[in-house]
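Peer 1: Dropping a structure here in structure tokens format, bear with me for questions.
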Amino acid sequence: MRPDQSKDYRCALTNVVNRETFMKLTPKGNRVLITGAAKGFGRALALSFAHRGWRILLSDIDTEGLAETAELVDLAGGMAHWVQCDITQPEQVTRMYDTAMELWQGVDVLINNAGIYAGGRFADIPESNWSKVLDTNLIGTIRCCQKFVPMFQKQRSGRIVNIASLSGILPMPGSAFYSISKAGIVNLSQNLRIELRSYKVGVTVACPNLFPTGIFDNAEVLDPAMKGVFDNLMYYSKNTAAQVAETIYLAVMHDRFLVTTQEVKDVEFIAQFESGMEKSALDMALLAKSLKNKTTLKRR
């Protein structure tokens with residue numbers, strides 16, 4: 001256990017939920033699809049849902065890891081299936097979607113967790129590195145969302161959960177393209193939230209701070225000193241993957257949009273950020289209603 005981990009657990013929902021507003025699931029039951037589920041945070045998410053008896057479709061490029069996660073899910077009380085999928089490949093995302101439809105005729109929760117890290121100082125990062133990060137983290141998430149959104153709209157229920165990062169809100173030095181990819185996921189989530197609201201489909205975006213997940217194990221980090229800093233920050237993190245996964249589960253069930261793990265001193269900033277997003281969503285909803293009614297918008 002890392003220093004003070006048991007004494008100071010700060011992973012919590014922003015804006016404390018004080019009402020019993022739970023997600024409306026379809027009659028098919030509790031069905032969740034998790035990408036990047038072979039190990040690390042994806043596995044922690046799978047186990048969080050498994051403890052509640054969910055049916056879980058696990059996805060990743062690592063088949064050996066998927067088999068291990070599936071076994072752990074079954075032992076934890078869930079019901080696991082898995083499918084190999086590289087989210088940078090459209091045909092594989094289609095296969096993942098087809099698998100979910102064949103198994104359950106849909107899903108209740110889609111968790112876009114698959115992602116990679118590559119870091120270094122902006123001027124030193126080769127195009128191959130940042131192209132890979134953007135194609136996996138951002139385009140891959142968009143691809144999965146676009147594949148499943150029509151299904152959610154048709155069943156008029158469910159939730160999309162996109163795993164971003166605190167660096168998507170507060171840029172992390174030495175991680176420009178990773179931060180950019182996560183900022184894109186935050187913006188994508190905001191747009192989906194607005195567009196899917198009328199279909200009764202919820203959206204959650206998770207922006208956790210650094211915590212041990214293994215994301216840096218095979219990451220391309222050009223500056224060894226920088227990797228040492230990140231490793232140190234994760235070692236002293238007051239959050240674990242299991243704790244963050246539990247918080248996201250609660251966000252799904254309580255219809256929360258933003259999940260974060262930052263320190264108490266940053267909560268005011270995040271509250272303002274979420275308040276701004278809520279205002280933006282309301283403004284866009286009014287605009288959409290005005291356009292639908294073919295009314296004339298007055299300039300302010």
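Chain labels run A, B, ... following the order of the structure tokens; each chain numbers its residues from 1, and ligands are numbered from 1 in the order shown.
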Please provide the set of residues having any atom within 7 Å of Asn112 (chain A), restricted to only C-alpha atoms, with same-chain residues fewer than 3 positions apart removed, written as a list in words.
Peer 2: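 Here the qualifying residues turn out to be Ile34, Thr35, Thr141, Val161, Asn162 and Ile163 of chain A.
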Peer 1: Mind dumping a table of every region 60-149 of chain A residue within 7 Å of region 167-183 of chain A, with the nearest atom pair and its distance in Å to one decimal, using only C-alpha atoms, sorted by chain and rising number, as a Markdown table?
Peer 2:
| residue | atom | partner | partner_atom | distance |
| --- | --- | --- | --- | --- |
| A:Tyr117 | CA | A:Tyr178 | CA | 6.2 |
| A:Ala118 | CA | A:Tyr178 | CA | 6.8 |
| A:Gly119 | CA | A:Ser175 | CA | 4.8 |
| A:Gly120 | CA | A:Gly174 | CA | 4.9 |
| A:Arg121 | CA | A:Gly174 | CA | 4.8 |
| A:Phe122 | CA | A:Ala176 | CA | 6.2 |
| A:Trp130 | CA | A:Phe177 | CA | 5.8 |
| A:Val133 | CA | A:Tyr178 | CA | 6.5 |
| A:Leu134 | CA | A:Ser181 | CA | 5.5 |
| A:Asn137 | CA | A:Ser181 | CA | 6.0 |
| A:Leu138 | CA | A:Ser181 | CA | 5.2 |
Peer 1: When DSSP works through the backbone of this structure, what residues of region 60-257 of chain A end up as helix (DSSP H, G or I), shown as a ChimeraX atom specification?
Peer 2: /A:63-76,90-104,122-124,127-155,166-168,176-199,224-235,241-253
Peer 1: Which is closest to Arg256 (chain A) among A:Thr204, A:Asn239, A:Asn209, A:Asn30, if we use only C-alpha atoms?
Peer 2: A:Thr204
Peer 1: For each of A:Val244, A:Leu57, A:Leu47, A:Val201, take the minimum atom-to-atom distance to Asp98 (chain A), counting only C-alpha atoms, then give the residue where this is smallest.
Peer 2: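 Smallest distance to Asp98 (chain A) is found for A:Leu57.
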Peer 1: Could you jot down the CA of Ala164 (chain A) to CA of Ile185 (chain A) separation for me, Å, one decimal place?
Peer 2: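 For CA of Ala164 (chain A) relative to CA of Ile185 (chain A), the distance reads 6.0 Å.
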Peer 1: Can you list, as a ChimeraX atom specification, all residues belonging to region 48-264 of chain A that DSSP tags as strand (DSSP E or B)?
Peer 2: /A:55-60,79-84,109-112,118-120,159-163,175,202-207,220-221,258-260
Peer 1: So what do you get for CA of Leu188 (chain A) versus CA of Gly36 (chain A), distance-wise?
Peer 2: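 CA of Gly36 (chain A) lies 18.9 Å from CA of Leu188 (chain A).
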Peer 1: Need the shell around Val203 (chain A): protein/DNA/RNA residues with any atom at most 7 Å away, counting only C-alpha atoms. Skip same-chain ones fewer than 3 positions apart. Format as a list in words?
Peer 2: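 Contacts, with the query itself left out: Arg159, Ile160, Val161, Ser189, Leu192, Arg193 and Phe257 of chain A.
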Peer 1: Can I get the selection written as a PDB file, in the first residue's frame, with C-alpha atoms?
Peer 2:
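result_27.pdb written:
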ATOM      1  CA  ARG A 159     -25.114   5.348 -21.027  1.00  0.00           C
ATOM      2  CA  ILE A 160     -21.824   6.064 -22.759  1.00  0.00           C
ATOM      3  CA  VAL A 161     -18.768   6.425 -20.499  1.00  0.00           C
ATOM      4  CA  SER A 189     -18.606  13.820 -24.413  1.00  0.00           C
ATOM      5  CA  LEU A 192     -22.882  13.611 -27.115  1.00  0.00           C
ATOM      6  CA  ARG A 193     -24.513  14.682 -23.877  1.00  0.00           C
ATOM      7  CA  PHE A 257     -21.535  13.663 -16.220  1.00  0.00           C
TER       8      PHE A 257
END
Peer 1: Here is a test: counting only C-alpha atoms, which residue of A:Cys145, A:Leu196, A:Leu75, A:Ala67 is nearest to Ile111 (chain A)?
Peer 2: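 Closest residue, counting only C-alpha atoms: A:Cys145.
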Peer 1: Counting only C-alpha atoms, which of A:Asp60, A:Glu195, A:Asp135, A:Asp124 gets nearest to Gln153 (chain A)?
Peer 2: A:Glu195
Peer 1: Interatomic distance between CA of Cys144 (chain A) and CA of Thr63 (chain A)?
Peer 2: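 Between CA of Cys144 (chain A) and CA of Thr63 (chain A) the gap works out to 19.2 Å.
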